[in-house]
Amino acid sequence: MVVSGEDDYQPALVEGEADRFVVLSGASGAGKSTLLTELGRRGYRIYEEAGRQVIKEQQYIGGDAIPSADAARFLELTASRSIHNLISAARAGGLAFFDRGIVDQVSAFEYFRIPLPQHLANAAARLRYRQTVFMMPPWREIFANDSERRHSFADAVSYYETLLRTYERFGYRAIIVPQAVIAMRADFVIAHLAVPA
């Protein structure tokens with residue numbers, strides 16, 4: 001019998017591994033991607049934000065699965081990407097940091113007032129991350145729009161409040177990352193995880 005690498009791609013690999021999967025979440029434009037990059041520079045496995053990836057892909061191919069056109073389809077695609085990232089991290093082993101997670105997509109359904117499909121509620125309940133989630137609060141001084149981030153700072157604040165409620169509802173505990181230079185933020189996260197650098 002021929003066995004391919006695809007046989008190793010199993011969602012069940014994620015079960016029991018939650019402590020290895022650390023989510024950086026919070027307000028848009030609050031420095032999550034910069035913090036993720038710093039953690040990667042320090043040697044940790046990192047997974048970039050699925051939402052930005054999907055928007056770039058949709059812009060490139062002329063698709064409309066973006067928040068301003070078809071938010072539900074956008075969220076389905078980003079949730080699928082988040083699941084893929086979790087499974088990839090489970091296969092790779094070791095600690096992994098994620099710029100947002102499945103709960104972020106679930107929260108966005110609430111924020112956009114779109115009914116949450118049951119399969120995504122199932123995904124958030126079954127595919128778990130570490131119980132402590134690092135939340136980046138809104139930070140007006142560094143917030144900036146770009147080709148993927150077109151919403152206002154007020155929108156970022158409102159979405160942040162929805163995120164906090166959603167993560168709590170799914171049994172996570174938020175640790176607020178202080179607004180500081182990036183090295184200090186990375187030190188803060190690592191210290192709270194009590195992991196070697």
# chains A, B, ... in the order shown; residues from 1 in each chain; ligands from 1

$ select_by_dssp --residues "region 17-194 of chain A" --states "strand (DSSP E)" --output "PyMOL selection string"
chain A and resi 21-26+45-47+96-99+132-136+173-176

$ residues_around --residues "region 36-49 of chain A" --least-positions-apart "3" --cutoff "8 Å" --atoms "only C-alpha atoms" --output "PyMOL selection string"
chain A and resi 24+32-33+52-53+85+94-100+182-183+186+197

$ atom_distance --atom1 "CA of Ala124 (chain A)" --atom2 "CA of Tyr60 (chain A)"
29.1 Å

$ residues_around --residues "Thr78 (chain A)" --least-positions-apart "5" --cutoff "12 Å" --atoms "only C-alpha atoms" --output "count of residues only"
31

$ atom_distance --atom1 "CA of Phe134 (chain A)" --atom2 "CA of Ile175 (chain A)"
4.9 Å

$ residues_around --residues "Pro138 (chain A)" --least-positions-apart "2" --cutoff "6 Å" --atoms "only C-alpha atoms" --output "PyMOL selection string"
chain A and resi 27+30+157

$ select_by_dssp --residues "chain A" --states "helix (DSSP H, G or I)" --output "PyMOL selection string"
chain A and resi 5-8+11-14+18-20+32-41+50-61+71-92+102-111+118-126+153-169+182-193

$ atom_distance --atom1 "CA of Phe21 (chain A)" --atom2 "CA of Arg130 (chain A)"
5.5 Å

$ closest_residue --among "A:Glu76, A:Asp64, A:Asp19, A:Glu168" --to "Leu127 (chain A)" --atoms "only C-alpha atoms"
A:Asp19

$ closest_residue --among "A:Tyr129, A:Tyr159, A:Phe74, A:Tyr172" --to "Val14 (chain A)" --atoms "only C-alpha atoms"
A:Tyr129

$ residues_around --residues "Arg128 (chain A)" --least-positions-apart "4" --cutoff "12 Å" --atoms "only C-alpha atoms" --output "count of residues only"
31

$ closest_residue --among "A:Arg185, A:Met136, A:Arg169, A:Ala191" --to "Gly29 (chain A)" --atoms "only C-alpha atoms"
A:Met136
